[in-house]
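**Student:** Pasting in a structure now, in structure tokens, and then I'll have a few things to ask.
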Amino acid sequence: MEQLRFIMQYIKRHKWHYVAGIITLFVVDFANLYIPRITGTITDGLTDHTLDWTGVKTCLLGLLMLGLTLALGRFLWRYFLFGSARKIEKELRDDMFAHLEKMSVDYFNENKTGDLMTRFTSDLNAIRMAIGMAVISAFDATVMTVMVIGQMMVYVNVKLTLLALIPMVVICGGTIYYGKIIHARYMERQEAVSDLTDYVQESFSGIRVIKAFVREQAQLRTFTKANERTREKNLNLVRLQAVVMPLLEVFIGISSLVTLIYGGYLAIVGEITLGRFVAFHQYVNMLVWPMLACGDAINTFAQGGASIKRVQAVMEQEPGVQDMPDLFRSERASETWREQEIPLTGQITFSHLTYTHKGAPAPDLQDICLEVPAGTTLAVIGRTGSGKSTLVNLMLHLYNTERGMILLDGRDINTIPLSSLRRQIAYVPQDNFLFSDTLKANIAFGVEGQDMERIVAATTAACIHDSIMEFPEGYDTVVGERGVTLSGGQKQRSSIARALMKDAPILILDDALSAVDTDTEEQLLRNLHENRRGKTTILIAHRISTIQHADVILVLEEGRAAEVGNHARLMEQKGIYYEMFEKQQLEAAMGEQRAALHREYGDELPQNAGGQAGEYVQAEGHVQAEERVQTAGKGAE
């Protein structure tokens, strides 16, 4: 019943089309009833010599008119019923896509892409069949059967009709049991298809890793197992249909045989005329389709019901992150509030910010307190897993926080409409996702229109314009799925250009310079300094060279704010930041010494060259590192 209520809200939108289709289908079925009667009249008239050529022509004209009525009626019920089913399928797909866009990040972490894709494709197709073809089958299986049986009793013979219906009763009882079994088997089949789709999607997305680790055969073996499981679930359905459908035809054949034997006997003894016997046999044949339609309708309704249940499960899932409902008094006020743009200047306040991911044993962030004035460049640094990305994800309100923990311009982030909040934050994620579209479309993704002047300005600031112009198609170059045709540095800079196009009050760069060389990084940082004057910028990085000129540096350690200050102050404290800086400087010095040894000796290094480099770094390199620390500290001051 829940599935019926769910789908009825869509059917009601097209109720008049369904009414028109049902009426047209009734007219077609009603017109069908007169074909055997006209045939019987012609047979009796010709047998008894009571029908002349004029009468035959009149009967033939009646058959022609019935044929035209049937042709027009079948077109109309297809238009109304099939057309409405297609529209409902489209509306369901639109609604499901819109609903999934509202779901939180956690939902997509917990649900496989392949399973969701199956609900968009084969499940919606099964629903369309259930509310389209199955409606027609069910109507014919009931209305047509009742009307035909009525004609058989009234026009031919009651005893012959009841005898012919005995196999039909057996068929009806069997189809009810058949429907229950096929529903369960179809659910298993859909789950197997979902798993297979997800595996294929994941394998193709990770094809580079598969090839790099030479795991083609291992992946193929796993795919073969999943494919075999899907085949077996499909065969479970086919086996059931292979048994039921022939049995259905056997019982229909028995009914026809009974009518031929007993009906022929009644015609011989004169209880019914030959014409009525011919008409009765046609009526029995007319019952074949409703009986087959009965089994088909139960099969389709069972599959459609299972698919409705799967789609309904998605649609009834509440978004984990959404605008606060308790702020409104009416739905209309809610919509108006959501469309309201709340301008932000970029002032950020973290007040005892604590957050724990779902299922995590300990908080990812704990008691973070920090005031970031508008126009500030905030850098966040820390070891892997220290909570850097979680911090910016909370700023984007991708996860929920307690009230008062994050304030923007003094306003609780939970009271800012999600659309308004995210429009005013430009974000460059770690994975640098690009769509399978042109570079121009990807860079202009966050704004309306594709103003080439603004696009070129953004790509120039992101140091990617010259690289784009080297492509044969320039800005019209279509990148591969997820931007795989671009290098890591090109993807990062394209993502930065996309963020700069928004010119938002707050810009977040989540480790967005890790794939660019140091010279490009320096130029990018200079461009950002010029372009972001008066606007808040948040830099997350592992390289201190990326963030050492930031106004405020936040050092995270196991989710806590271990150190806060500018570069000079943190260097003076000689804490975590100082150790990270010194380590990176020593690594850089070691790299320079190795390069110098390669330049001196070429590929034929002395046997103890590695030891020489290490000793040099520990002695001379350490002194150079100390000098660089002091120089950098003075520069920051």
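Ordering of the structure tokens sets the chain letters (A, B, ...), residue numbers begin anew at 1 in every chain, and ligands are numbered from 1 in the order given.
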Identify, on the basis of only C-alpha atoms, every residue whose closest approach to Gln201 (chain A) does not exceed 12 Å; exclude the query and any residue fewer than 2 positions from it along the same chain; express the result as number ranges by chain.

**Tutor:** A: 112-118, 194-199, 203-207, 223, 481

**Student:** Using N, CA and C atoms, can you write the selected residues to a file as a PDB file, in the first residue's frame?

**Tutor:**
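Okay, selection14.pdb is ready:
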ATOM      1  N   LYS A 112      26.331   3.107  -2.875  1.00  0.00           N
ATOM      2  CA  LYS A 112      27.156   2.918  -4.059  1.00  0.00           C
ATOM      3  C   LYS A 112      26.567   3.641  -5.270  1.00  0.00           C
ATOM      4  N   THR A 113      27.467   4.154  -6.105  1.00  0.00           N
ATOM      5  CA  THR A 113      27.051   4.856  -7.321  1.00  0.00           C
ATOM      6  C   THR A 113      26.304   3.916  -8.264  1.00  0.00           C
ATOM      7  N   GLY A 114      26.803   2.688  -8.411  1.00  0.00           N
ATOM      8  CA  GLY A 114      26.163   1.738  -9.317  1.00  0.00           C
ATOM      9  C   GLY A 114      24.731   1.435  -8.915  1.00  0.00           C
ATOM     10  N   ASP A 115      24.480   1.327  -7.617  1.00  0.00           N
ATOM     11  CA  ASP A 115      23.126   1.058  -7.134  1.00  0.00           C
ATOM     12  C   ASP A 115      22.204   2.228  -7.463  1.00  0.00           C
ATOM     13  N   LEU A 116      22.679   3.447  -7.264  1.00  0.00           N
ATOM     14  CA  LEU A 116      21.869   4.622  -7.588  1.00  0.00           C
ATOM     15  C   LEU A 116      21.611   4.704  -9.089  1.00  0.00           C
ATOM     16  N   MET A 117      22.606   4.362  -9.901  1.00  0.00           N
ATOM     17  CA  MET A 117      22.427   4.389 -11.355  1.00  0.00           C
ATOM     18  C   MET A 117      21.377   3.369 -11.794  1.00  0.00           C
ATOM     19  N   THR A 118      21.349   2.210 -11.153  1.00  0.00           N
ATOM     20  CA  THR A 118      20.352   1.188 -11.497  1.00  0.00           C
ATOM     21  C   THR A 118      18.945   1.682 -11.204  1.00  0.00           C
ATOM     22  N   SER A 194      22.631  -3.987  -9.541  1.00  0.00           N
ATOM     23  CA  SER A 194      23.216  -2.801  -8.903  1.00  0.00           C
ATOM     24  C   SER A 194      24.675  -3.041  -8.539  1.00  0.00           C
ATOM     25  N   ASP A 195      24.951  -4.209  -7.939  1.00  0.00           N
ATOM     26  CA  ASP A 195      26.326  -4.543  -7.558  1.00  0.00           C
ATOM     27  C   ASP A 195      27.227  -4.631  -8.787  1.00  0.00           C
ATOM     28  N   LEU A 196      26.716  -5.235  -9.849  1.00  0.00           N
ATOM     29  CA  LEU A 196      27.506  -5.365 -11.071  1.00  0.00           C
ATOM     30  C   LEU A 196      27.778  -4.000 -11.695  1.00  0.00           C
ATOM     31  N   THR A 197      26.760  -3.152 -11.752  1.00  0.00           N
ATOM     32  CA  THR A 197      26.925  -1.810 -12.318  1.00  0.00           C
ATOM     33  C   THR A 197      27.945  -1.011 -11.527  1.00  0.00           C
ATOM     34  N   ASP A 198      27.873  -1.113 -10.207  1.00  0.00           N
ATOM     35  CA  ASP A 198      28.812  -0.375  -9.362  1.00  0.00           C
ATOM     36  C   ASP A 198      30.239  -0.866  -9.579  1.00  0.00           C
ATOM     37  N   TYR A 199      30.407  -2.176  -9.715  1.00  0.00           N
ATOM     38  CA  TYR A 199      31.751  -2.727  -9.923  1.00  0.00           C
ATOM     39  C   TYR A 199      32.333  -2.260 -11.261  1.00  0.00           C
ATOM     40  N   SER A 203      35.582   0.122 -11.686  1.00  0.00           N
ATOM     41  CA  SER A 203      36.735  -0.414 -12.412  1.00  0.00           C
ATOM     42  C   SER A 203      37.171   0.513 -13.531  1.00  0.00           C
ATOM     43  N   PHE A 204      36.209   1.051 -14.283  1.00  0.00           N
ATOM     44  CA  PHE A 204      36.569   1.948 -15.372  1.00  0.00           C
ATOM     45  C   PHE A 204      37.125   3.275 -14.852  1.00  0.00           C
ATOM     46  N   SER A 205      36.582   3.748 -13.712  1.00  0.00           N
ATOM     47  CA  SER A 205      37.111   4.979 -13.127  1.00  0.00           C
ATOM     48  C   SER A 205      38.546   4.785 -12.642  1.00  0.00           C
ATOM     49  N   GLY A 206      38.858   3.577 -12.171  1.00  0.00           N
ATOM     50  CA  GLY A 206      40.200   3.314 -11.664  1.00  0.00           C
ATOM     51  C   GLY A 206      41.062   2.501 -12.609  1.00  0.00           C
ATOM     52  N   ILE A 207      40.801   2.641 -13.923  1.00  0.00           N
ATOM     53  CA  ILE A 207      41.516   1.813 -14.906  1.00  0.00           C
ATOM     54  C   ILE A 207      43.017   2.064 -14.886  1.00  0.00           C
ATOM     55  N   PHE A 223      34.924  -9.683 -11.747  1.00  0.00           N
ATOM     56  CA  PHE A 223      33.789  -9.280 -12.578  1.00  0.00           C
ATOM     57  C   PHE A 223      33.005 -10.504 -13.053  1.00  0.00           C
ATOM     58  N   GLU A 481      36.743  12.136 -18.766  1.00  0.00           N
ATOM     59  CA  GLU A 481      35.989  11.953 -17.526  1.00  0.00           C
ATOM     60  C   GLU A 481      36.857  12.303 -16.324  1.00  0.00           C
TER      61      GLU A 481
END

**Student:** Could you name the residues that touch Ser545 (chain A) at 12 Å or less, counting only C-alpha atoms, but leaving out those on the same chain fewer than 5 positions away, as a list of chain:residue names?

**Tutor:**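 Counting only the stated atoms, we get A:Ala379, A:Ile381, A:Leu513, A:Ser514, A:Asp517, A:Thr518, A:Asp519, A:Glu521, A:Glu522, A:Leu525, A:Leu539, A:Ile540, A:Ala550, A:His567, A:Met580, A:Phe581, A:Glu582, A:Gln584, A:Gln585, A:Ala588, A:Arg628, A:Val629, A:Ala632.
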
**Student:** Please provide as a PyMOL selection string all residues within 6 Å of region 436-445 of chain A, with the sequence filter that same-chain residues fewer than 6 positions apart are discarded (counting only C-alpha atoms).

**Tutor:** chain A and resi 475-481+498

**Student:** Restrict the selected residues to C-alpha atoms and save them as a tab-separated table (two decimals), in the first residue's frame.

**Tutor:**
chain	number	residue	atom	x	y	z
A	475	TYR	CA	39.26	26.67	-24.52
A	476	ASP	CA	36.95	24.40	-26.52
A	477	THR	CA	39.10	21.37	-25.68
A	478	VAL	CA	36.92	18.64	-24.18
A	479	VAL	CA	38.56	17.05	-21.15
A	480	GLY	CA	38.04	13.36	-20.37
A	481	GLU	CA	35.99	11.95	-17.53
A	498	ARG	CA	36.96	28.02	-11.75

**Student:** Give me the residues near region 73-89 of chain A as a ChimeraX atom specification, where near means some atom within 6 Å (using only C-alpha atoms) and where sequence neighbours in that chain fewer than 3 positions away do not count.

**Tutor:** /A:17-18,21,24-25,28,69-70,92,128,131-132

**Student:** With distances taken over only C-alpha atoms, which residue among A:Thr546, A:Asn32, A:Asn432, A:Gln3 lies nearest Gln490 (chain A)?

**Tutor:** A:Asn432

**Student:** Using only C-alpha atoms, which protein or nucleic acid residues come within 10 Å of Asn157 (chain A)? Drop anything in the same chain fewer than 5 positions from it, and give the result as a list in words.

**Tutor:**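 Residues meeting the cut-off are Gln151, Met152, Leu162, Gly263, Leu266, Glu271, Ile272, Arg276, Phe277 and Phe280 of chain A.
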
**Student:** For the residues in that selection, give me N, CA and C atoms as a PDB file, in the first residue's frame.

**Tutor:**
ATOM      1  N   GLN A 151     -21.114 -12.069 -22.949  1.00  0.00           N
ATOM      2  CA  GLN A 151     -21.576 -12.345 -24.311  1.00  0.00           C
ATOM      3  C   GLN A 151     -21.695 -13.849 -24.566  1.00  0.00           C
ATOM      4  N   MET A 152     -20.744 -14.624 -24.044  1.00  0.00           N
ATOM      5  CA  MET A 152     -20.786 -16.073 -24.232  1.00  0.00           C
ATOM      6  C   MET A 152     -22.029 -16.675 -23.578  1.00  0.00           C
ATOM      7  N   LEU A 162     -19.683 -22.015 -18.697  1.00  0.00           N
ATOM      8  CA  LEU A 162     -19.171 -22.419 -17.386  1.00  0.00           C
ATOM      9  C   LEU A 162     -18.121 -23.528 -17.507  1.00  0.00           C
ATOM     10  N   GLY A 263     -18.947 -27.941 -27.484  1.00  0.00           N
ATOM     11  CA  GLY A 263     -19.654 -27.000 -28.358  1.00  0.00           C
ATOM     12  C   GLY A 263     -20.037 -27.648 -29.677  1.00  0.00           C
ATOM     13  N   LEU A 266     -23.070 -29.737 -29.039  1.00  0.00           N
ATOM     14  CA  LEU A 266     -24.289 -28.948 -28.949  1.00  0.00           C
ATOM     15  C   LEU A 266     -24.752 -28.464 -30.318  1.00  0.00           C
ATOM     16  N   GLU A 271     -28.711 -27.699 -30.308  1.00  0.00           N
ATOM     17  CA  GLU A 271     -28.970 -26.817 -29.173  1.00  0.00           C
ATOM     18  C   GLU A 271     -28.457 -25.404 -29.439  1.00  0.00           C
ATOM     19  N   ILE A 272     -27.388 -25.308 -30.246  1.00  0.00           N
ATOM     20  CA  ILE A 272     -26.892 -23.997 -30.704  1.00  0.00           C
ATOM     21  C   ILE A 272     -26.678 -24.080 -32.196  1.00  0.00           C
ATOM     22  N   ARG A 276     -23.395 -19.617 -34.023  1.00  0.00           N
ATOM     23  CA  ARG A 276     -23.126 -19.313 -32.613  1.00  0.00           C
ATOM     24  C   ARG A 276     -21.949 -20.146 -32.089  1.00  0.00           C
ATOM     25  N   PHE A 277     -21.803 -21.351 -32.624  1.00  0.00           N
ATOM     26  CA  PHE A 277     -20.638 -22.162 -32.245  1.00  0.00           C
ATOM     27  C   PHE A 277     -19.348 -21.492 -32.727  1.00  0.00           C
ATOM     28  N   PHE A 280     -18.755 -18.546 -30.544  1.00  0.00           N
ATOM     29  CA  PHE A 280     -18.282 -18.946 -29.227  1.00  0.00           C
ATOM     30  C   PHE A 280     -16.786 -19.283 -29.264  1.00  0.00           C
TER      31      PHE A 280
END
